[in-house]
Amino acid sequence: MTDDEPELIGYSDRFSVAAGEDISFHVSGDVTTAAARLVRLRHGDTNSPIGYLEDECDSSLDGDWDIAKQDVLAGSFGLVTLPAAIDEMQSGSFHARVFMHPTIVTPSSREGVVAALDADEQPVWELIRDGERITFSIRTDDDSWMSVTSPTPVVAHRWYAVACGVDPAAGVARLVVSPVRHAGRTSLEKSEIRIGGTRSGQGSHVLLGARRLIRVNSLEPRAAETFNGWLEDFALSSAPPNEQELAAAVDPRTNRGAPAGSVIDLDLGRDADTWNIVDRCGDTVGQLFNGPERAVTGRGWNGGSTSPVAAPVDYGAVAFHADDVIDANWAATRTWTVPPDLPSGFYAVRLTSGHVVDRIPFVISASREGACHDVAFWVPSYTYAAYANEDPEDYQFGEYRSKRGPLDELFRRHPEWGGSSYDRHPDGTGRVLSSLRRPVPNLRPTYRYPLVNGPRGLAADLYVVHWLEHLDVDVDYITDEDVHAEGAALLRRYDTVISGTHPEYVTAKHLDAMESFLNDDGRFMYLGGNGFYWVTTPEPTGDRVCIEVRRAVAGTRAWEPSPGNGHHQFSGEAGGIWSHRGRPPHALLGVGFVSQGWDGRNPPYRKTSDARRPEAAWAFAGIPDDEPIGAHGLVMNGAAGDEIDSADTQLGSPESTIVLASARLDSDAYLLATERVLLPTRDVAGSSNEAIRADAVLLPRADTGAVFSCGSMSWAACLSHNGYDNALERLTRNVLSVFRSHDTPWTAESCATDHAACELSEYAAAVT
């Protein structure tokens with residue numbers, strides 16, 4: 001896509017939808033109309049012999065859609081409706097106070113800190129960061145403005161007490177901006193200006209973290225000139241400011257409460273698992289918009305606790321960012337009720353205008369009433385959200401260089417669409433929230449990931465979809481949000497559950513559901529790499545896929561939280577990787593993340609000596625002993641690569657784990673996962689560390705349950721080689737055949753009969 005081509009893109013208000021439920025599509029473009037068609041997605045790799053495959057489905061969505069241009073207004077903020085008690089302030093006197101921790105201070109920029117709005121949502125007074133200083137401005141009776149500016153500049157990453165107010169009797173407006181100190185006396189430095197008549201009344205709303213409120217449709221409001229920084233404890237009093245109140249405002253040791261006579265006193269730390277703003281006075285209604293970070297350390301935090309649950313008084317702040325966006329807030333272009341006759345699967349609305357095409361993907365999940373088939377495909381939609389709009393940098397690893405594609409360039413032109421949980425805000429902090437309710441170019445079935453020059457995420461999961469279609473296996477599709485909501489009861493509807501290629505982001509409920517499913521004789525095929533890794537929490541309310549990830553403590557990570565801010569706002573739980581919470585993926589899957597790398601030369605797997613054991617040999621029926629497993633593939637040319645897993649009993653792999661095949665990544669492009677490096681060492685590269693390998697394992701569970709794990713994100717890209725006639729496909733098909741057959745050739749009892757011949761017999765009937 002070139003810069004002069006018209007754009008056309010959309011998103012859905014939810015990713016998982018079942019028969020009888022509604023889904024809305026939100027579209028924007030430079031075109032006036034687009035032809036819409038519902039399609040079922042079958043295969044995404046446009047560079048493969050199979051090519052891109054989709055089936056057109058007749059539906060009420062089909063036809064010409066009117067398209068309007070819609071913009072994304074980034075930036076988080078809070079909006080508070082003032083109580084009836086504000087009538088007491090009609091004389092014009094007031095005293096406002098807030099604690100501020102700017103994270104970006106540049107000489108040329110202006111950002112709103114707090115503003116009072118009238119009934120027409122126009123500003124009455126405002127506090128702004130104007131370059132390196134704070135300015136307090138008031139609108140007068142003749143609609144002109146008077147301002148007073150702090151003489152002392154502010155710096156980033158320091159707490160300040162900011163107090164302002166108007167005393168009509170004295171004819172002055174006052175402003176105090178002073179650093180918050182935890183020890184020693186705090187000097188009071190105030191600025192004031194003589195004023196005439198100020199505009200009667202102090203407004204009907206308070207805007208936090210912005211200068212102007214913007215309403216572009218009947219949906220959520222948005223704001224302009226939004227703040228980069230943290231705010232805590234805003235209060236508004238009907239009394240004029242005085243020396244005692246101003247001194248108390250700048251010294252948290254003497255007063256953590258609100259000024260006398262306050263009509264509102266906002267506790268921005270309360271109800272952090274919601275978007276509500278709580279008023280200690282009990283009358284104010286407020287809400288946060290566009291996904292600011294909550295459960296953030298306030299001005300009084302000194303390292304005594306790192307948990308907002310244990311020490312809520314220390315976590316009273318909200319972190320605002322001018323590039324926050326978790327909802328594009330576009331008007332719906334079309335709403336559709338899913339009919340009962342469409343099978344579960346990956347779908348998209350295909351929009352076409354001339355040669356411009358977009359596909360808005362979603363999943364029609366299995367019936368909420370029960371299973372239709374014996375196999376389920378568990379779609380890793382939270383991982384899709386985590387990587388949504390990952391910044392497509394130009395990576396280079398030795399001789400291997402990635403290249404951005406047209407969908408990456410589309411996002412590059414629209415940074416206001418918001419980055420991924422791998423990216424940072426302009427102030428250097430990581431993005432803890434990421435959602436799918438916005439334009440996400442890399443969530444497209446034809447997307448090619450720059451690092452692998454091939455499909456990844458949803459596009460790679462279509463490799464598994466087409467393989468199952470090739471085998472004529474009927475499948476129900478379930479998503480991360482479905483499993484989080486329904487738990488083990490959903491998984492237990494199926495004999496066999498198959499994962500996507502990268503189920504990296506999972507919740508505690510996912511882990512609980514998996515443990516229960518496997519302990520109840522469930523069978524799981526993990527066809528990916530780096531799975532069940534990061535502690536993840538979804539937004540508690542609503543259907544949108546919005547997840548929280550805080551890359552705390554350890555883990556191979558793109559950023560880490562600022563000190564004290566490693567706990568999740570949505571759940572209060574500690575962030576980081578599940579291994580550091582005592583729930584390693586090894587324990588469930590037999591393998592866990594060991595390395596990642598990209599050099600374009602993925603090696604194949606080789607059978608291990610354990611593969612000849614009677615309880616494992618059945619998996620290799622029809623595969624010669626010396627044949628490599630996955631020597632050819634559509635992603636970096638082989639089976640073992642990108643992000644890989646290995647078995648390790650010291651890290652939680654059960655002793656019963658059987659390593660069927662293994663691949664050494666003898667390459668300096670592959671480095672040991674950072675959580676496994678305790679002391680600085682040179683032996684972290686694949687060329688010198690034999691621990692860097694991909695393992696395909698069989699893990700017997702309970703009585704008849706089992707897990708098969710392939711140990712690599714690139715595994716699925718090898719399935720279709722040679723028309724689905726290759727050793728890797730045969731191994732994977734053998735496992736699926738036996739898992740569906742209800743036989744247990746991996747148990748001692750089965751191996752004591754006639755299975756030692758290593759041939760699939762009647763207990764492993766062909767799935768076709």
# chains A, B, ... in the order shown; residues from 1 in each chain; ligands from 1
$ residues_around --residues "stretch 468-478 of chain A" --least-positions-apart "3" --cutoff "7 Å" --atoms "only C-alpha atoms" --output "short mmCIF file (atom, residue, chain, number, x, y, z; two decimals) with N, CA and C atoms, in the first residue's frame"
data_model
loop_
_atom_site.label_atom_id
_atom_site.label_comp_id
_atom_site.auth_asym_id
_atom_site.auth_seq_id
_atom_site.Cartn_x
_atom_site.Cartn_y
_atom_site.Cartn_z
N SER A 344 -19.03 -23.16 13.40
CA SER A 344 -17.99 -22.47 14.16
C SER A 344 -16.72 -22.37 13.32
N GLY A 345 -15.97 -21.26 13.47
CA GLY A 345 -14.73 -21.12 12.71
C GLY A 345 -14.22 -19.69 12.69
N SER A 365 -17.83 -18.68 17.66
CA SER A 365 -17.49 -19.71 18.65
C SER A 365 -18.52 -20.81 18.67
N ALA A 366 -18.14 -21.88 19.35
CA ALA A 366 -19.04 -23.01 19.49
C ALA A 366 -20.32 -22.57 20.21
N CYS A 372 -20.51 -29.34 19.68
CA CYS A 372 -21.05 -29.95 18.47
C CYS A 372 -20.15 -31.07 17.96
N HIS A 373 -18.85 -31.01 18.31
CA HIS A 373 -17.88 -31.99 17.84
C HIS A 373 -16.98 -32.42 18.99
N VAL A 375 -13.63 -32.33 18.96
CA VAL A 375 -12.36 -31.61 18.95
C VAL A 375 -12.65 -30.11 18.99
N ALA A 376 -11.86 -29.40 19.80
CA ALA A 376 -11.96 -27.94 19.86
C ALA A 376 -10.62 -27.32 19.53
N PHE A 377 -10.66 -26.22 18.81
CA PHE A 377 -9.48 -25.41 18.55
C PHE A 377 -9.56 -24.19 19.46
N TRP A 378 -8.59 -24.07 20.36
CA TRP A 378 -8.56 -22.98 21.34
C TRP A 378 -7.78 -21.82 20.72
N VAL A 379 -8.50 -20.77 20.33
CA VAL A 379 -7.92 -19.62 19.63
C VAL A 379 -7.28 -18.68 20.65
N VAL A 464 -3.06 -24.48 10.99
CA VAL A 464 -3.71 -25.58 11.72
C VAL A 464 -5.13 -25.77 11.22
N VAL A 465 -5.82 -24.65 10.96
CA VAL A 465 -7.19 -24.72 10.45
C VAL A 465 -7.24 -25.52 9.15
N ASP A 482 -13.70 -16.98 25.84
CA ASP A 482 -14.68 -18.04 26.14
C ASP A 482 -14.19 -18.92 27.29
N VAL A 767 -8.17 -40.66 10.93
CA VAL A 767 -9.20 -39.66 11.21
C VAL A 767 -10.06 -39.40 9.98
N THR A 768 -9.59 -39.80 8.82
CA THR A 768 -10.42 -39.60 7.63
C THR A 768 -11.33 -40.78 7.39
#
$ select_by_dssp --residues "stretch 345-448 of chain A" --states "strand (DSSP E or B)" --output "ChimeraX atom specification"
/A:345-353,356-364,375-379,396-397,400-401,424,430,433-435
$ closest_residue --among "A:Arg42, A:His355, A:His466, A:His321" --to "A:Glu111" --atoms "only C-alpha atoms"
A:His321
$ residues_around --residues "stretch 151-154 of chain A" --least-positions-apart "3" --cutoff "8 Å" --atoms "only C-alpha atoms" --output "list in words"
Val105, Glu132, Arg133, Ile134, Val177 and Ser191 of chain A
$ select_by_dssp --residues "stretch 702-734 of chain A" --states "helix (DSSP H, G or I)" --output "PDB file with N, CA and C atoms, in the first residue's frame"
ATOM      1  N   TRP A 715       6.323 -25.022  13.928  1.00  0.00           N
ATOM      2  CA  TRP A 715       5.904 -26.409  13.654  1.00  0.00           C
ATOM      3  C   TRP A 715       4.755 -26.455  12.646  1.00  0.00           C
ATOM      4  N   ALA A 716       3.708 -25.680  12.905  1.00  0.00           N
ATOM      5  CA  ALA A 716       2.504 -25.765  12.070  1.00  0.00           C
ATOM      6  C   ALA A 716       2.772 -25.364  10.628  1.00  0.00           C
ATOM      7  N   ALA A 717       3.790 -24.525  10.390  1.00  0.00           N
ATOM      8  CA  ALA A 717       4.111 -24.092   9.031  1.00  0.00           C
ATOM      9  C   ALA A 717       4.737 -25.197   8.195  1.00  0.00           C
ATOM     10  N   CYS A 718       5.041 -26.344   8.814  1.00  0.00           N
ATOM     11  CA  CYS A 718       5.616 -27.489   8.088  1.00  0.00           C
ATOM     12  C   CYS A 718       4.574 -28.546   7.736  1.00  0.00           C
ATOM     13  N   HIS A 721       3.765 -29.326   3.856  1.00  0.00           N
ATOM     14  CA  HIS A 721       4.835 -29.613   2.892  1.00  0.00           C
ATOM     15  C   HIS A 721       4.550 -30.909   2.123  1.00  0.00           C
ATOM     16  N   ASN A 722       4.831 -30.861   0.837  1.00  0.00           N
ATOM     17  CA  ASN A 722       4.659 -32.038  -0.025  1.00  0.00           C
ATOM     18  C   ASN A 722       3.225 -32.547   0.000  1.00  0.00           C
ATOM     19  N   GLY A 723       2.297 -31.599  -0.031  1.00  0.00           N
ATOM     20  CA  GLY A 723       0.886 -32.001  -0.061  1.00  0.00           C
ATOM     21  C   GLY A 723       0.451 -32.742   1.186  1.00  0.00           C
ATOM     22  N   TYR A 724       0.911 -32.301   2.343  1.00  0.00           N
ATOM     23  CA  TYR A 724       0.612 -32.930   3.626  1.00  0.00           C
ATOM     24  C   TYR A 724       1.130 -34.370   3.704  1.00  0.00           C
ATOM     25  N   ALA A 727       6.996 -36.272   7.351  1.00  0.00           N
ATOM     26  CA  ALA A 727       7.144 -36.920   8.655  1.00  0.00           C
ATOM     27  C   ALA A 727       6.499 -36.114   9.777  1.00  0.00           C
ATOM     28  N   LEU A 728       6.632 -34.782   9.736  1.00  0.00           N
ATOM     29  CA  LEU A 728       6.051 -33.963  10.800  1.00  0.00           C
ATOM     30  C   LEU A 728       4.531 -34.057  10.786  1.00  0.00           C
ATOM     31  N   GLU A 729       3.955 -33.994   9.605  1.00  0.00           N
ATOM     32  CA  GLU A 729       2.493 -34.114   9.533  1.00  0.00           C
ATOM     33  C   GLU A 729       2.048 -35.478   9.999  1.00  0.00           C
ATOM     34  N   ARG A 730       2.779 -36.534   9.635  1.00  0.00           N
ATOM     35  CA  ARG A 730       2.388 -37.886  10.039  1.00  0.00           C
ATOM     36  C   ARG A 730       2.456 -38.042  11.546  1.00  0.00           C
ATOM     37  N   LEU A 731       3.504 -37.503  12.166  1.00  0.00           N
ATOM     38  CA  LEU A 731       3.609 -37.559  13.623  1.00  0.00           C
ATOM     39  C   LEU A 731       2.439 -36.831  14.282  1.00  0.00           C
ATOM     40  N   THR A 732       2.131 -35.635  13.807  1.00  0.00           N
ATOM     41  CA  THR A 732       1.037 -34.857  14.389  1.00  0.00           C
ATOM     42  C   THR A 732      -0.302 -35.551  14.164  1.00  0.00           C
ATOM     43  N   ARG A 733      -0.473 -36.130  12.965  1.00  0.00           N
ATOM     44  CA  ARG A 733      -1.720 -36.843  12.658  1.00  0.00           C
ATOM     45  C   ARG A 733      -1.857 -38.107  13.504  1.00  0.00           C
ATOM     46  N   ASN A 734      -0.749 -38.819  13.707  1.00  0.00           N
ATOM     47  CA  ASN A 734      -0.791 -40.009  14.556  1.00  0.00           C
ATOM     48  C   ASN A 734      -1.271 -39.656  15.962  1.00  0.00           C
TER      49      ASN A 734
END
$ closest_residue --among "A:Leu61, A:Val31, A:Asn637, A:Thr226" --to "A:Val114" --atoms "only C-alpha atoms"
A:Thr226
$ residues_around --residues "A:Asn217" --least-positions-apart "5" --cutoff "9 Å" --atoms "only C-alpha atoms" --output "ChimeraX atom specification"
/A:329-331
$ residues_around --residues "stretch 236-241 of chain A" --least-positions-apart "6" --cutoff "7 Å" --atoms "only C-alpha atoms" --output "JSON list (two decimals) with N, CA and C atoms, in the first residue's frame"
[["chain", "number", "residue", "atom", "x", "y", "z"],
["A", 88, "GLU", "N", -23.04, 26.23, 45.99],
["A", 88, "GLU", "CA", -22.46, 27.06, 47.04],
["A", 88, "GLU", "C", -21.29, 27.88, 46.53],
["A", 89, "MET", "N", -20.75, 27.52, 45.36],
["A", 89, "MET", "CA", -19.56, 28.17, 44.84],
["A", 89, "MET", "C", -19.90, 29.25, 43.81],
["A", 93, "SER", "N", -15.61, 32.10, 44.61],
["A", 93, "SER", "CA", -14.45, 31.66, 45.39],
["A", 93, "SER", "C", -14.34, 30.14, 45.33],
["A", 94, "PHE", "N", -13.11, 29.67, 45.20],
["A", 94, "PHE", "CA", -12.87, 28.23, 45.25],
["A", 94, "PHE", "C", -11.40, 27.97, 45.49],
["A", 95, "HIS", "N", -11.14, 26.74, 45.84],
["A", 95, "HIS", "CA", -9.77, 26.28, 46.12],
["A", 95, "HIS", "C", -9.67, 24.85, 45.57],
["A", 96, "ALA", "N", -8.83, 24.64, 44.59],
["A", 96, "ALA", "CA", -8.62, 23.32, 44.00],
["A", 96, "ALA", "C", -7.20, 22.85, 44.31],
["A", 97, "ARG", "N", -7.07, 21.54, 44.48],
["A", 97, "ARG", "CA", -5.76, 20.98, 44.77],
["A", 97, "ARG", "C", -5.62, 19.60, 44.14],
["A", 165, "GLY", "N", -6.62, 28.77, 43.24],
["A", 165, "GLY", "CA", -7.92, 29.22, 43.70],
["A", 165, "GLY", "C", -8.14, 30.69, 43.44],
["A", 166, "VAL", "N", -9.36, 31.10, 43.71],
["A", 166, "VAL", "CA", -9.78, 32.48, 43.51],
["A", 166, "VAL", "C", -10.40, 32.99, 44.80],
["A", 167, "ASP", "N", -9.98, 34.17, 45.20],
["A", 167, "ASP", "CA", -10.55, 34.86, 46.37],
["A", 167, "ASP", "C", -11.11, 36.19, 45.89],
["A", 259, "PRO", "N", -8.98, 19.75, 51.47],
["A", 259, "PRO", "CA", -9.13, 21.05, 52.12],
["A", 259, "PRO", "C", -10.49, 21.17, 52.80],
["A", 260, "ALA", "N", -10.55, 22.02, 53.83],
["A", 260, "ALA", "CA", -11.81, 22.23, 54.53],
["A", 260, "ALA", "C", -12.86, 22.75, 53.57],
["A", 261, "GLY", "N", -14.08, 22.29, 53.74],
["A", 261, "GLY", "CA", -15.18, 22.75, 52.91],
["A", 261, "GLY", "C", -15.22, 22.14, 51.54],
["A", 262, "SER", "N", -14.50, 21.03, 51.33],
["A", 262, "SER", "CA", -14.46, 20.43, 49.99],
["A", 262, "SER", "C", -15.83, 19.91, 49.59],
["A", 263, "VAL", "N", -16.19, 20.17, 48.34],
["A", 263, "VAL", "CA", -17.44, 19.62, 47.80],
["A", 263, "VAL", "C", -17.17, 18.34, 47.02],
["A", 264, "ILE", "N", -15.93, 18.16, 46.54],
["A", 264, "ILE", "CA", -15.52, 16.87, 46.00],
["A", 264, "ILE", "C", -14.11, 16.57, 46.48],
["A", 265, "ASP", "N", -13.84, 15.28, 46.67],
["A", 265, "ASP", "CA", -12.53, 14.80, 47.11],
["A", 265, "ASP", "C", -12.31, 13.45, 46.43]]
$ atom_distance --atom1 "atom CA of A:Ala631" --atom2 "atom CA of A:Arg456"
19.3 Å
$ residues_around --residues "A:Thr744" --least-positions-apart "2" --cutoff "10 Å" --atoms "only C-alpha atoms" --output "PyMOL selection string"
chain A and resi 615+700+703-706+738-739+741-742+746-751+763-764
$ write_last_selection --atoms "N, CA and C atoms" --output "mmCIF file, in the first residue's frame"
data_model
loop_
_atom_site.group_PDB
_atom_site.id
_atom_site.type_symbol
_atom_site.label_atom_id
_atom_site.label_comp_id
_atom_site.auth_asym_id
_atom_site.auth_seq_id
_atom_site.Cartn_x
_atom_site.Cartn_y
_atom_site.Cartn_z
ATOM 1 N N GLU A 615 5.780 -47.062 24.879
ATOM 2 C CA GLU A 615 4.715 -46.103 25.150
ATOM 3 C C GLU A 615 4.802 -44.854 24.281
ATOM 4 N N PRO A 700 1.974 -38.079 29.564
ATOM 5 C CA PRO A 700 0.788 -38.765 30.074
ATOM 6 C C PRO A 700 0.230 -38.040 31.296
ATOM 7 N N ASP A 703 -5.411 -40.778 34.303
ATOM 8 C CA ASP A 703 -5.565 -42.175 33.898
ATOM 9 C C ASP A 703 -5.385 -42.341 32.389
ATOM 10 N N THR A 704 -6.164 -41.593 31.630
ATOM 11 C CA THR A 704 -6.084 -41.734 30.171
ATOM 12 C C THR A 704 -5.811 -40.415 29.469
ATOM 13 N N GLY A 705 -5.627 -39.338 30.215
ATOM 14 C CA GLY A 705 -5.355 -38.048 29.620
ATOM 15 C C GLY A 705 -3.908 -37.942 29.165
ATOM 16 N N ALA A 706 -3.623 -36.954 28.321
ATOM 17 C CA ALA A 706 -2.264 -36.772 27.831
ATOM 18 C C ALA A 706 -2.140 -35.406 27.177
ATOM 19 N N VAL A 738 -4.819 -41.002 17.728
ATOM 20 C CA VAL A 738 -4.888 -41.760 18.980
ATOM 21 C C VAL A 738 -5.626 -40.983 20.063
ATOM 22 N N PHE A 739 -5.392 -39.687 20.128
ATOM 23 C CA PHE A 739 -6.095 -38.876 21.124
ATOM 24 C C PHE A 739 -7.610 -38.961 20.919
ATOM 25 N N SER A 741 -9.156 -41.465 19.520
ATOM 26 C CA SER A 741 -9.633 -42.856 19.531
ATOM 27 C C SER A 741 -9.980 -43.362 20.921
ATOM 28 N N HIS A 742 -9.587 -42.596 21.951
ATOM 29 C CA HIS A 742 -9.802 -42.974 23.350
ATOM 30 C C HIS A 742 -8.912 -44.118 23.803
ATOM 31 N N TRP A 746 0.179 -45.106 25.562
ATOM 32 C CA TRP A 746 1.297 -44.617 26.375
ATOM 33 C C TRP A 746 1.286 -45.167 27.801
ATOM 34 N N THR A 747 0.267 -45.962 28.141
ATOM 35 C CA THR A 747 0.213 -46.502 29.502
ATOM 36 C C THR A 747 0.913 -47.843 29.579
ATOM 37 N N ALA A 748 1.345 -48.182 30.784
ATOM 38 C CA ALA A 748 2.044 -49.457 30.989
ATOM 39 C C ALA A 748 1.164 -50.632 30.598
ATOM 40 N N GLU A 749 -0.115 -50.548 30.900
ATOM 41 C CA GLU A 749 -1.030 -51.648 30.578
ATOM 42 C C GLU A 749 -1.134 -51.846 29.068
ATOM 43 N N SER A 750 -1.238 -50.735 28.318
ATOM 44 C CA SER A 750 -1.323 -50.853 26.867
ATOM 45 C C SER A 750 -0.033 -51.399 26.284
ATOM 46 N N CYS A 751 1.097 -50.938 26.804
ATOM 47 C CA CYS A 751 2.384 -51.360 26.259
ATOM 48 C C CYS A 751 2.666 -52.831 26.550
ATOM 49 N N TYR A 763 -6.587 -49.453 17.260
ATOM 50 C CA TYR A 763 -6.831 -48.428 18.268
ATOM 51 C C TYR A 763 -6.525 -47.031 17.726
ATOM 52 N N ALA A 764 -5.928 -46.917 16.535
ATOM 53 C CA ALA A 764 -5.576 -45.618 15.967
ATOM 54 C C ALA A 764 -6.110 -45.518 14.547
#
$ residues_around --residues "A:Thr479" --least-positions-apart "2" --cutoff "12 Å" --atoms "only C-alpha atoms" --output "PyMOL selection string"
chain A and resi 14-18+344-346+362-366+376-384+458+476-477+481-487+490-491+497-500+503+506+510+545
$ closest_residue --among "A:Ile577, A:Ala210, A:Cys57, A:Leu73" --to "A:Arg551" --atoms "only C-alpha atoms"
A:Ile577
$ closest_residue --among "A:Glu21, A:Asp427, A:Asp62, A:Glu627" --to "A:Thr106" --atoms "only C-alpha atoms"
A:Asp427
$ atom_distance --atom1 "atom CA of A:Asp324" --atom2 "atom CA of A:Glu409"
20.4 Å
